[in-house]
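Trainee: Pasting input-v9.pdb here (PDB, C-alpha atoms):
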MODEL        1
ATOM      1  CA  MET A   1     203.941 108.643   4.850  1.00  0.00           C
ATOM      2  CA  GLU A   2     206.249 111.662   5.132  1.00  0.00           C
ATOM      3  CA  VAL A   3     206.316 113.511   8.444  1.00  0.00           C
ATOM      4  CA  VAL A   4     206.543 117.263   7.998  1.00  0.00           C
ATOM      5  CA  ASN A   5     208.622 119.079  10.581  1.00  0.00           C
ATOM      6  CA  LYS A   6     206.586 122.039  11.844  1.00  0.00           C
ATOM      7  CA  VAL A   7     209.438 123.590  13.851  1.00  0.00           C
ATOM      8  CA  LYS A   8     210.665 126.671  12.036  1.00  0.00           C
ATOM      9  CA  THR A   9     214.375 127.404  11.750  1.00  0.00           C
ATOM     10  CA  ALA A  10     215.316 130.514  13.694  1.00  0.00           C
ATOM     11  CA  LYS A  11     216.056 133.522  11.487  1.00  0.00           C
ATOM     12  CA  PHE A  12     218.346 135.199  14.051  1.00  0.00           C
ATOM     13  CA  SER A  13     221.281 133.634  15.877  1.00  0.00           C
ATOM     14  CA  ILE A  14     222.846 133.797  19.347  1.00  0.00           C
ATOM     15  CA  GLY A  15     224.965 136.955  19.546  1.00  0.00           C
ATOM     16  CA  GLN A  16     223.121 138.775  16.761  1.00  0.00           C
ATOM     17  CA  VAL A  17     221.965 142.352  17.391  1.00  0.00           C
ATOM     18  CA  VAL A  18     218.297 142.862  16.541  1.00  0.00           C
ATOM     19  CA  ARG A  19     215.706 145.599  16.940  1.00  0.00           C
ATOM     20  CA  HIS A  20     211.959 145.498  17.516  1.00  0.00           C
ATOM     21  CA  ARG A  21     209.825 146.367  14.481  1.00  0.00           C
ATOM     22  CA  LEU A  22     207.182 148.284  16.473  1.00  0.00           C
ATOM     23  CA  PHE A  23     208.819 149.515  19.675  1.00  0.00           C
ATOM     24  CA  PRO A  24     212.043 151.526  20.144  1.00  0.00           C
ATOM     25  CA  PHE A  25     214.377 148.921  21.608  1.00  0.00           C
ATOM     26  CA  ARG A  26     217.177 146.656  20.470  1.00  0.00           C
ATOM     27  CA  GLY A  27     219.292 143.907  21.973  1.00  0.00           C
ATOM     28  CA  VAL A  28     221.590 140.913  21.639  1.00  0.00           C
ATOM     29  CA  VAL A  29     220.027 137.453  21.246  1.00  0.00           C
ATOM     30  CA  PHE A  30     221.192 135.185  24.092  1.00  0.00           C
ATOM     31  CA  ASP A  31     218.705 132.303  23.721  1.00  0.00           C
ATOM     32  CA  VAL A  32     216.054 131.065  21.282  1.00  0.00           C
ATOM     33  CA  ASP A  33     212.892 129.018  21.860  1.00  0.00           C
ATOM     34  CA  PRO A  34     211.660 127.180  18.711  1.00  0.00           C
ATOM     35  CA  GLN A  35     208.134 128.275  19.645  1.00  0.00           C
ATOM     36  CA  PHE A  36     206.455 130.249  22.433  1.00  0.00           C
ATOM     37  CA  ALA A  37     207.633 129.004  25.849  1.00  0.00           C
ATOM     38  CA  ASN A  38     206.559 131.682  28.319  1.00  0.00           C
ATOM     39  CA  THR A  39     203.503 131.817  30.599  1.00  0.00           C
ATOM     40  CA  GLU A  40     199.943 132.129  29.362  1.00  0.00           C
ATOM     41  CA  GLU A  41     199.590 135.172  31.644  1.00  0.00           C
ATOM     42  CA  TRP A  42     202.505 136.878  29.863  1.00  0.00           C
ATOM     43  CA  TYR A  43     201.007 136.040  26.466  1.00  0.00           C
ATOM     44  CA  GLU A  44     197.542 137.335  27.393  1.00  0.00           C
ATOM     45  CA  SER A  45     199.060 140.605  28.658  1.00  0.00           C
ATOM     46  CA  ILE A  46     199.962 141.505  25.056  1.00  0.00           C
ATOM     47  CA  PRO A  47     197.172 143.538  23.410  1.00  0.00           C
ATOM     48  CA  ALA A  48     195.215 141.230  21.071  1.00  0.00           C
ATOM     49  CA  GLU A  49     195.768 143.461  18.042  1.00  0.00           C
ATOM     50  CA  VAL A  50     199.560 143.033  18.272  1.00  0.00           C
ATOM     51  CA  ARG A  51     199.734 139.584  19.914  1.00  0.00           C
ATOM     52  CA  PRO A  52     202.095 137.324  17.903  1.00  0.00           C
ATOM     53  CA  ARG A  53     201.456 133.724  16.862  1.00  0.00           C
ATOM     54  CA  LYS A  54     202.905 131.104  19.214  1.00  0.00           C
ATOM     55  CA  ASP A  55     204.163 128.799  16.425  1.00  0.00           C
ATOM     56  CA  GLN A  56     207.327 130.721  15.617  1.00  0.00           C
ATOM     57  CA  PRO A  57     210.732 131.203  17.241  1.00  0.00           C
ATOM     58  CA  PHE A  58     210.841 133.503  20.282  1.00  0.00           C
ATOM     59  CA  TYR A  59     214.066 135.234  21.287  1.00  0.00           C
ATOM     60  CA  HIS A  60     215.531 136.135  24.680  1.00  0.00           C
ATOM     61  CA  LEU A  61     217.320 139.477  24.372  1.00  0.00           C
ATOM     62  CA  LEU A  62     219.705 141.507  26.478  1.00  0.00           C
ATOM     63  CA  ALA A  63     217.672 144.566  25.548  1.00  0.00           C
ATOM     64  CA  GLU A  64     217.972 148.322  25.869  1.00  0.00           C
ATOM     65  CA  ASN A  65     215.969 151.400  25.050  1.00  0.00           C
ATOM     66  CA  SER A  66     216.893 155.060  25.503  1.00  0.00           C
ATOM     67  CA  GLU A  67     216.276 154.881  29.277  1.00  0.00           C
ATOM     68  CA  THR A  68     217.217 151.442  30.584  1.00  0.00           C
ATOM     69  CA  GLU A  69     218.505 147.905  30.043  1.00  0.00           C
ATOM     70  CA  TYR A  70     216.407 144.777  30.624  1.00  0.00           C
ATOM     71  CA  ILE A  71     215.630 141.234  29.424  1.00  0.00           C
ATOM     72  CA  ALA A  72     213.050 140.968  26.622  1.00  0.00           C
ATOM     73  CA  TYR A  73     211.188 138.002  25.112  1.00  0.00           C
ATOM     74  CA  VAL A  74     210.180 138.729  21.515  1.00  0.00           C
ATOM     75  CA  SER A  75     208.596 136.821  18.633  1.00  0.00           C
ATOM     76  CA  GLU A  76     210.511 136.476  15.382  1.00  0.00           C
ATOM     77  CA  GLN A  77     207.816 138.375  13.440  1.00  0.00           C
ATOM     78  CA  ASN A  78     208.510 141.465  15.585  1.00  0.00           C
ATOM     79  CA  LEU A  79     212.279 141.532  15.082  1.00  0.00           C
ATOM     80  CA  GLN A  80     214.618 142.702  12.372  1.00  0.00           C
ATOM     81  CA  ALA A  81     218.396 142.754  12.122  1.00  0.00           C
ATOM     82  CA  ASP A  82     220.000 145.868  13.602  1.00  0.00           C
ATOM     83  CA  GLU A  83     222.417 147.315  11.043  1.00  0.00           C
ATOM     84  CA  SER A  84     223.517 150.318  13.134  1.00  0.00           C
ATOM     85  CA  ASP A  85     226.910 148.859  14.229  1.00  0.00           C
ATOM     86  CA  GLU A  86     226.337 150.646  17.568  1.00  0.00           C
ATOM     87  CA  PRO A  87     227.557 148.640  20.587  1.00  0.00           C
ATOM     88  CA  VAL A  88     224.873 147.319  22.954  1.00  0.00           C
ATOM     89  CA  ARG A  89     225.345 148.806  26.439  1.00  0.00           C
ATOM     90  CA  HIS A  90     223.444 146.150  28.432  1.00  0.00           C
ATOM     91  CA  PRO A  91     225.801 145.232  31.340  1.00  0.00           C
ATOM     92  CA  GLN A  92     225.410 141.457  30.858  1.00  0.00           C
ATOM     93  CA  VAL A  93     226.643 141.567  27.260  1.00  0.00           C
ATOM     94  CA  ARG A  94     230.273 141.549  28.474  1.00  0.00           C
ATOM     95  CA  GLU A  95     229.552 138.590  30.780  1.00  0.00           C
ATOM     96  CA  LEU A  96     228.116 136.389  28.002  1.00  0.00           C
ATOM     97  CA  PHE A  97     229.749 137.646  24.801  1.00  0.00           C
ATOM     98  CA  GLU A  98     232.910 139.029  23.334  1.00  0.00           C
ATOM     99  CA  LYS A  99     232.925 141.544  20.510  1.00  0.00           C
ATOM    100  CA  ARG A 100     234.231 140.154  17.225  1.00  0.00           C
ATOM    101  CA  PRO A 101     236.299 142.166  14.722  1.00  0.00           C
ATOM    102  CA  ASP A 102     233.250 142.406  12.419  1.00  0.00           C
ATOM    103  CA  GLY A 103     231.200 144.059  15.194  1.00  0.00           C
ATOM    104  CA  SER A 104     229.032 141.028  16.000  1.00  0.00           C
ATOM    105  CA  TYR A 105     229.003 139.248  19.369  1.00  0.00           C
ATOM    106  CA  GLY A 106     230.282 135.712  19.922  1.00  0.00           C
ATOM    107  CA  PRO A 107     229.712 133.567  23.012  1.00  0.00           C
ATOM    108  CA  ARG A 108     232.447 134.105  25.581  1.00  0.00           C
ATOM    109  CA  ARG A 109     234.585 131.007  26.007  1.00  0.00           C
ATOM    110  CA  GLN A 110     234.105 129.355  29.388  1.00  0.00           C
ATOM    111  CA  SER A 111     237.237 128.456  31.312  1.00  0.00           C
ATOM    112  CA  ARG A 112     237.171 125.041  32.980  1.00  0.00           C
ATOM    113  CA  HIS A 113     239.068 124.236  36.175  1.00  0.00           C
TER     114      HIS A 113
ENDMDL
END
The structure in this file should be written as structure tokens.
Mentor:
Amino acid sequence: MEVVNKVKTAKFSIGQVVRHRLFPFRGVVFDVDPQFANTEEWYESIPAEVRPRKDQPFYHLLAENSETEYIAYVSEQNLQADESDEPVRHPQVRELFEKRPDGSYGPRRQSRH
């Protein structure tokens, strides 16, 4: 009997700039959960009419909107690639990533002592 793998491959990668489909914010992906891995309280705080499915990748973002920078946790269905080529101003971006010549972000190399 064939076992079917239910874990979905993440559409977005670490260092990719994405934007939310419904709300005006964008950010750099710094971690990915293969499926929902936050608290039930957090999940229930999302209005039912826009609450995403749990069986999809969820992304941790160094996020920003027009007023502030913060950490966001967003389902894959609510994200799309950001094609603006605008740099992300979140202060932790420089700690975790370095800007590549093509405008994307790559993980910063860790120095070992």
Trainee: State, in Å with one decimal place, the distance from atom CA of A:Gly103 to atom CA of A:Gln35.
Mentor: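 Computing it gives 28.3 Å between the two atoms.
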Trainee: So that I can see what lies close to A:Ser13, please list as an MDAnalysis selection string the residues with an atom at most 10 Å from it, counting all atoms listed in the file and leaving out residues fewer than 3 positions away in the same chain.
Mentor: chainID A and resid 10 16:18 28:32 59
Trainee: Going by the chain IDs and residue numbers used in this file, which residues fall under the PyMOL selection byres ((chain A and resi 27) around 9)? Write them as a list in words.
Mentor: Gln16, Val17, Val18, Arg19, His20, Phe25, Arg26, Val28, Val29, Leu61, Leu62, Ala63, Glu64, Asn65, Ile71, Ala72, Asp82, Val88, Arg89 and His90 of chain A
Trainee: Care to translate the PyMOL selection byres ((chain A and resi 97) around 8) into actual residues of this file, as a ChimeraX atom specification?
Mentor: /A:15,93-96,98-99,105-108
Trainee: Suppose you want the space between atom CA of A:His60 and atom CA of A:Glu41; what is it in Å?
Mentor: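 So the two atoms, atom CA of A:His60 and atom CA of A:Glu41, lie 17.4 Å apart.
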Trainee: Grab the atom CA of A:Asp85 to atom CA of A:Pro52 distance for me, in Å with one decimal place.
Mentor: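 One can read the atom CA of A:Asp85 to atom CA of A:Pro52 distance as 27.6 Å.
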Trainee: Name the closest residue to A:Ser104 among the candidates A:Thr9, A:Ile14, A:Pro91, A:Phe36; distances are taken between atoms, counting all atoms listed in the file.
Mentor: A:Ile14
Trainee: Evaluated on this file, the PyMOL selection byres ((chain A and resi 75) around 7) picks out some residues - which ones are they, written as a VMD selection string?
Mentor: chain A and resid 52 56 to 59 74 76 to 79
Trainee: Residues of the last selection are to be written out with C-alpha atoms, as an mmCIF file, in the frame of the given file.
Mentor:
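Saved result, result-v6.cif, follows:
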data_model
loop_
_atom_site.group_PDB
_atom_site.id
_atom_site.type_symbol
_atom_site.label_atom_id
_atom_site.label_comp_id
_atom_site.auth_asym_id
_atom_site.auth_seq_id
_atom_site.Cartn_x
_atom_site.Cartn_y
_atom_site.Cartn_z
ATOM 1 C CA PRO A 52 202.095 137.324 17.903
ATOM 2 C CA GLN A 56 207.327 130.721 15.617
ATOM 3 C CA PRO A 57 210.732 131.203 17.241
ATOM 4 C CA PHE A 58 210.841 133.503 20.282
ATOM 5 C CA TYR A 59 214.066 135.234 21.287
ATOM 6 C CA VAL A 74 210.180 138.729 21.515
ATOM 7 C CA GLU A 76 210.511 136.476 15.382
ATOM 8 C CA GLN A 77 207.816 138.375 13.440
ATOM 9 C CA ASN A 78 208.510 141.465 15.585
ATOM 10 C CA LEU A 79 212.279 141.532 15.082
#
